[in-house]
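Text of the file work.cif, holding mmCIF, C-alpha atoms:
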```cif
data_my_file
#
loop_
_atom_site.group_PDB
_atom_site.id
_atom_site.type_symbol
_atom_site.label_atom_id
_atom_site.label_comp_id
_atom_site.auth_asym_id
_atom_site.auth_seq_id
_atom_site.Cartn_x
_atom_site.Cartn_y
_atom_site.Cartn_z
ATOM 1 C CA MET A 1 0.000 0.000 0.000
ATOM 2 C CA SER A 2 1.229 3.459 -0.834
ATOM 3 C CA ASP A 3 0.687 6.748 0.984
ATOM 4 C CA GLN A 4 -1.603 7.848 -1.851
ATOM 5 C CA TYR A 5 -3.851 4.816 -1.320
ATOM 6 C CA LEU A 6 -3.868 5.366 2.449
ATOM 7 C CA ALA A 7 -4.810 9.036 2.000
ATOM 8 C CA GLY A 8 -7.673 8.127 -0.338
ATOM 9 C CA LEU A 9 -8.940 5.423 1.985
ATOM 10 C CA PHE A 10 -8.632 7.748 4.939
ATOM 11 C CA ASP A 11 -10.469 10.566 3.103
ATOM 12 C CA GLY A 12 -13.380 8.225 2.453
ATOM 13 C CA GLU A 13 -13.537 6.117 5.599
ATOM 14 C CA GLY A 14 -11.391 7.844 8.221
ATOM 15 C CA SER A 15 -12.020 10.347 10.946
ATOM 16 C CA VAL A 16 -9.885 13.240 12.198
ATOM 17 C CA THR A 17 -10.585 14.697 15.638
ATOM 18 C CA TYR A 18 -8.875 17.983 16.446
ATOM 19 C CA SER A 19 -10.629 19.810 19.258
ATOM 20 C CA ASN A 20 -9.949 21.650 22.478
ATOM 21 C CA LYS A 21 -12.649 21.100 25.033
ATOM 22 C CA PRO A 22 -12.884 21.814 28.742
ATOM 23 C CA THR A 23 -12.863 18.605 30.765
ATOM 24 C CA LEU A 24 -13.425 18.109 34.461
ATOM 25 C CA ARG A 25 -10.797 15.748 35.815
ATOM 26 C CA LYS A 26 -11.234 13.600 38.889
ATOM 27 C CA GLY A 27 -10.276 15.441 42.047
ATOM 28 C CA LYS A 28 -10.150 18.875 40.392
ATOM 29 C CA ARG A 29 -12.579 21.688 41.173
ATOM 30 C CA ARG A 30 -12.753 23.208 37.728
ATOM 31 C CA ALA A 31 -12.524 22.119 34.107
ATOM 32 C CA TYR A 32 -9.264 22.507 32.203
ATOM 33 C CA ALA A 33 -8.704 22.792 28.464
ATOM 34 C CA TYR A 34 -7.911 19.363 27.088
ATOM 35 C CA TRP A 35 -6.755 18.770 23.504
ATOM 36 C CA VAL A 36 -8.177 15.773 21.670
ATOM 37 C CA ILE A 37 -6.029 14.907 18.646
ATOM 38 C CA ARG A 38 -6.908 11.570 17.091
ATOM 39 C CA LEU A 39 -6.999 9.749 13.753
ATOM 40 C CA GLU A 40 -9.124 6.645 13.314
ATOM 41 C CA LEU A 41 -10.402 4.377 10.600
ATOM 42 C CA SER A 42 -13.028 1.657 10.979
ATOM 43 C CA MET A 43 -14.099 -1.051 8.559
ATOM 44 C CA THR A 44 -15.280 -4.637 8.450
ATOM 45 C CA HIS A 45 -12.204 -5.972 6.622
ATOM 46 C CA GLU A 46 -9.723 -6.834 9.370
ATOM 47 C CA GLU A 47 -6.782 -7.482 7.015
ATOM 48 C CA THR A 48 -6.948 -3.930 5.613
ATOM 49 C CA ILE A 49 -6.964 -2.415 9.104
ATOM 50 C CA LYS A 50 -3.972 -4.544 10.109
ATOM 51 C CA ALA A 51 -2.130 -3.503 6.936
ATOM 52 C CA ILE A 52 -2.757 0.163 7.796
ATOM 53 C CA HIS A 53 -1.380 -0.485 11.286
ATOM 54 C CA GLN A 54 1.757 -2.014 9.774
ATOM 55 C CA MET A 55 2.171 0.800 7.225
ATOM 56 C CA PHE A 56 2.029 3.537 9.856
ATOM 57 C CA ASP A 57 3.797 1.452 12.513
ATOM 58 C CA CYS A 58 1.816 3.152 15.287
ATOM 59 C CA GLY A 59 -1.611 3.217 16.883
ATOM 60 C CA THR A 60 -3.822 0.370 18.011
ATOM 61 C CA VAL A 61 -6.145 -2.107 16.306
ATOM 62 C CA ARG A 62 -9.178 -3.267 18.243
ATOM 63 C CA PRO A 63 -12.586 -4.703 17.469
ATOM 64 C CA ARG A 64 -15.316 -2.084 17.493
ATOM 65 C CA PRO A 65 -18.534 -2.933 19.350
ATOM 66 C CA ARG A 66 -21.520 -3.671 17.118
ATOM 67 C CA ALA A 67 -24.114 -0.911 17.001
ATOM 68 C CA GLU A 68 -26.836 -3.457 16.222
ATOM 69 C CA PRO A 69 -26.784 -7.265 16.495
ATOM 70 C CA HIS A 70 -27.349 -7.677 12.747
ATOM 71 C CA HIS A 71 -24.368 -5.460 11.794
ATOM 72 C CA LEU A 72 -21.087 -6.994 10.704
ATOM 73 C CA PRO A 73 -18.193 -6.882 13.183
ATOM 74 C CA GLN A 74 -15.856 -3.936 12.600
ATOM 75 C CA TRP A 75 -12.210 -3.269 13.339
ATOM 76 C CA ARG A 76 -10.805 0.131 14.284
ATOM 77 C CA TRP A 77 -7.305 1.516 13.883
ATOM 78 C CA ARG A 78 -6.725 4.546 16.088
ATOM 79 C CA CYS A 79 -3.761 6.770 16.924
ATOM 80 C CA SER A 80 -3.448 9.988 18.874
ATOM 81 C CA THR A 81 -1.103 12.839 19.845
ATOM 82 C CA ARG A 82 2.417 12.527 18.349
ATOM 83 C CA ASP A 83 1.502 9.344 16.471
ATOM 84 C CA ALA A 84 -1.325 11.304 14.823
ATOM 85 C CA LEU A 85 1.217 13.970 13.852
ATOM 86 C CA HIS A 86 3.439 11.331 12.226
ATOM 87 C CA CYS A 87 0.478 9.947 10.245
ATOM 88 C CA ALA A 88 -0.859 13.397 9.336
ATOM 89 C CA ARG A 89 2.500 14.343 7.811
ATOM 90 C CA ARG A 90 2.348 11.284 5.561
ATOM 91 C CA LEU A 91 -1.289 11.774 4.547
ATOM 92 C CA VAL A 92 -1.511 15.550 4.022
ATOM 93 C CA PRO A 93 0.240 15.766 0.600
ATOM 94 C CA TYR A 94 -2.319 13.370 -0.939
ATOM 95 C CA SER A 95 -5.426 14.172 1.106
ATOM 96 C CA ILE A 96 -8.343 16.176 -0.287
ATOM 97 C CA THR A 97 -11.332 15.885 2.046
ATOM 98 C CA LYS A 98 -9.499 15.871 5.365
ATOM 99 C CA LYS A 99 -6.526 18.015 4.334
ATOM 100 C CA GLN A 100 -7.520 21.051 6.437
ATOM 101 C CA LYS A 101 -7.820 19.105 9.700
ATOM 102 C CA LEU A 102 -4.585 17.216 9.039
ATOM 103 C CA GLU A 103 -2.817 20.533 8.451
ATOM 104 C CA SER A 104 -4.286 21.805 11.749
ATOM 105 C CA ILE A 105 -2.659 18.904 13.602
ATOM 106 C CA ILE A 106 0.706 19.599 11.961
ATOM 107 C CA LYS A 107 0.482 23.328 12.732
ATOM 108 C CA HIS A 108 -0.525 22.588 16.354
ATOM 109 C CA TYR A 109 2.681 20.636 16.991
ATOM 110 C CA GLU A 110 4.892 23.045 15.033
ATOM 111 C CA ILE A 111 3.715 25.897 17.286
ATOM 112 C CA LYS A 112 4.085 23.751 20.406
ATOM 113 C CA ASP A 113 7.588 22.616 19.419
ATOM 114 C CA SER A 114 8.725 26.149 18.550
ATOM 115 C CA ARG A 115 7.741 27.328 22.049
ATOM 116 C CA SER A 116 9.814 24.648 23.775
ATOM 117 C CA ILE A 117 13.062 25.618 22.051
#
```
Starting from the coordinates I provided, produce the structure as structure tokens.
Amino acid sequence: MSDQYLAGLFDGEGSVTYSNKPTLRKGKRRAYAYWVIRLELSMTHEETIKAIHQMFDCGTVRPRPRAEPHHLPQWRWRCSTRDALHCARRLVPYSITKKQKLESIIKHYEIKDSRSI
């Protein structure tokens, strides 16, 4: 599988989560801003999901719970934080539909890394 194929598959079937939401953590009195940066792809063909996992060499592969008993079992590949950055950098040159969110992830870490220098 090539990066072009992965980007096309991800544009059609994948999901990019890039959000900053306040979250109340256990033992804390107030909510704090919490970044959620995640890439995931779900499908019924387990071999394809495992191949994606091998291609990116990061993330996790797990069965996804069935929404209804008559639905086929699904598998989900998911990665987050720096692993999502690594994957976004590979996908963004070939992505069309999800290009803007992938670029947001890359920009997020570029700004964060420039502050720590």
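When all atoms listed in the file are used to measure the gap to Lys99 of chain A, the shortest distance among A:Ala33, A:Val16, A:Arg38, A:Gly59 belongs to A:Val16.
Taking all atoms listed in the file into account, the residues near (-12.7, 10.5, 13.6), no farther than 9 Å, are Gly14, Ser15, Val16, Thr17, Tyr18, Arg38, Leu39, Glu40, Leu41 and Arg78 of chain A.
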Would you output that residue set with C-alpha atoms, as a PDB file, in the coordinates of the input?
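Okay, out.pdb is ready:
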```
ATOM      1  CA  GLY A  14     -11.391   7.844   8.221  1.00  0.00           C
ATOM      2  CA  SER A  15     -12.020  10.347  10.946  1.00  0.00           C
ATOM      3  CA  VAL A  16      -9.885  13.240  12.198  1.00  0.00           C
ATOM      4  CA  THR A  17     -10.585  14.697  15.638  1.00  0.00           C
ATOM      5  CA  TYR A  18      -8.875  17.983  16.446  1.00  0.00           C
ATOM      6  CA  ARG A  38      -6.908  11.570  17.091  1.00  0.00           C
ATOM      7  CA  LEU A  39      -6.999   9.749  13.753  1.00  0.00           C
ATOM      8  CA  GLU A  40      -9.124   6.645  13.314  1.00  0.00           C
ATOM      9  CA  LEU A  41     -10.402   4.377  10.600  1.00  0.00           C
ATOM     10  CA  ARG A  78      -6.725   4.546  16.088  1.00  0.00           C
TER      11      ARG A  78
END
```
Between atom CA of Gln4 of chain A and atom CA of Arg62 of chain A, what distance in Å does the model show, to one decimal? 24.2 Å
Could you tell me which residues the PyMOL selection byres ((chain A and resi 73) around 8) returns for this structure, as a ChimeraX atom specification? /A:44,63-66,71-72,74-75
Do you know which residues are at most 12 Å from Gln54 of chain A counting only C-alpha atoms, after dropping those on the same chain fewer than 4 positions away, and could you put them as a PDB file with C-alpha atoms, in the frame of the given file?
```
ATOM      1  CA  MET A   1       0.000   0.000   0.000  1.00  0.00           C
ATOM      2  CA  SER A   2       1.229   3.459  -0.834  1.00  0.00           C
ATOM      3  CA  LEU A   6      -3.868   5.366   2.449  1.00  0.00           C
ATOM      4  CA  GLU A  47      -6.782  -7.482   7.015  1.00  0.00           C
ATOM      5  CA  THR A  48      -6.948  -3.930   5.613  1.00  0.00           C
ATOM      6  CA  ILE A  49      -6.964  -2.415   9.104  1.00  0.00           C
ATOM      7  CA  LYS A  50      -3.972  -4.544  10.109  1.00  0.00           C
ATOM      8  CA  CYS A  58       1.816   3.152  15.287  1.00  0.00           C
ATOM      9  CA  GLY A  59      -1.611   3.217  16.883  1.00  0.00           C
ATOM     10  CA  THR A  60      -3.822   0.370  18.011  1.00  0.00           C
ATOM     11  CA  VAL A  61      -6.145  -2.107  16.306  1.00  0.00           C
ATOM     12  CA  TRP A  77      -7.305   1.516  13.883  1.00  0.00           C
TER      13      TRP A  77
END
```
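Atom to atom, atom CA of Lys98 of chain A and atom CA of Trp35 of chain A stand 18.6 Å apart.
With the shown file loaded, the PyMOL selection byres ((chain A and resi 83-86) around 10) picks out A:Val16, A:Thr17, A:Ile37, A:Arg38, A:Leu39, A:Glu40, A:Phe56, A:Asp57, A:Cys58, A:Gly59, A:Arg78, A:Cys79, A:Ser80, A:Thr81, A:Arg82, A:Cys87, A:Ala88, A:Arg89, A:Arg90, A:Leu91, A:Leu102, A:Glu103, A:Ser104, A:Ile105, A:Ile106, A:Lys107, A:His108, A:Tyr109, A:Glu110.
Atom CA of Asp11 of chain A is positioned 6.5 Å from atom CA of Ser95 of chain A.
Taking only C-alpha atoms into account, Tyr34 of chain A lies nearest to A:Pro22 out of the set A:Pro22, A:Glu46, A:Gln100, A:Met55.
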Give the centre and edge lengths of an axis-aligned box, in Å to one decimal, that holds all listed atoms of segment 88-100 of chain A with 6 Å on each side, as lines of an AutoDock Vina configuration file.
```
center_x = -4.4
center_y = 16.2
center_z = 4.2
size_x = 25.8
size_y = 21.8
size_z = 22.3
```
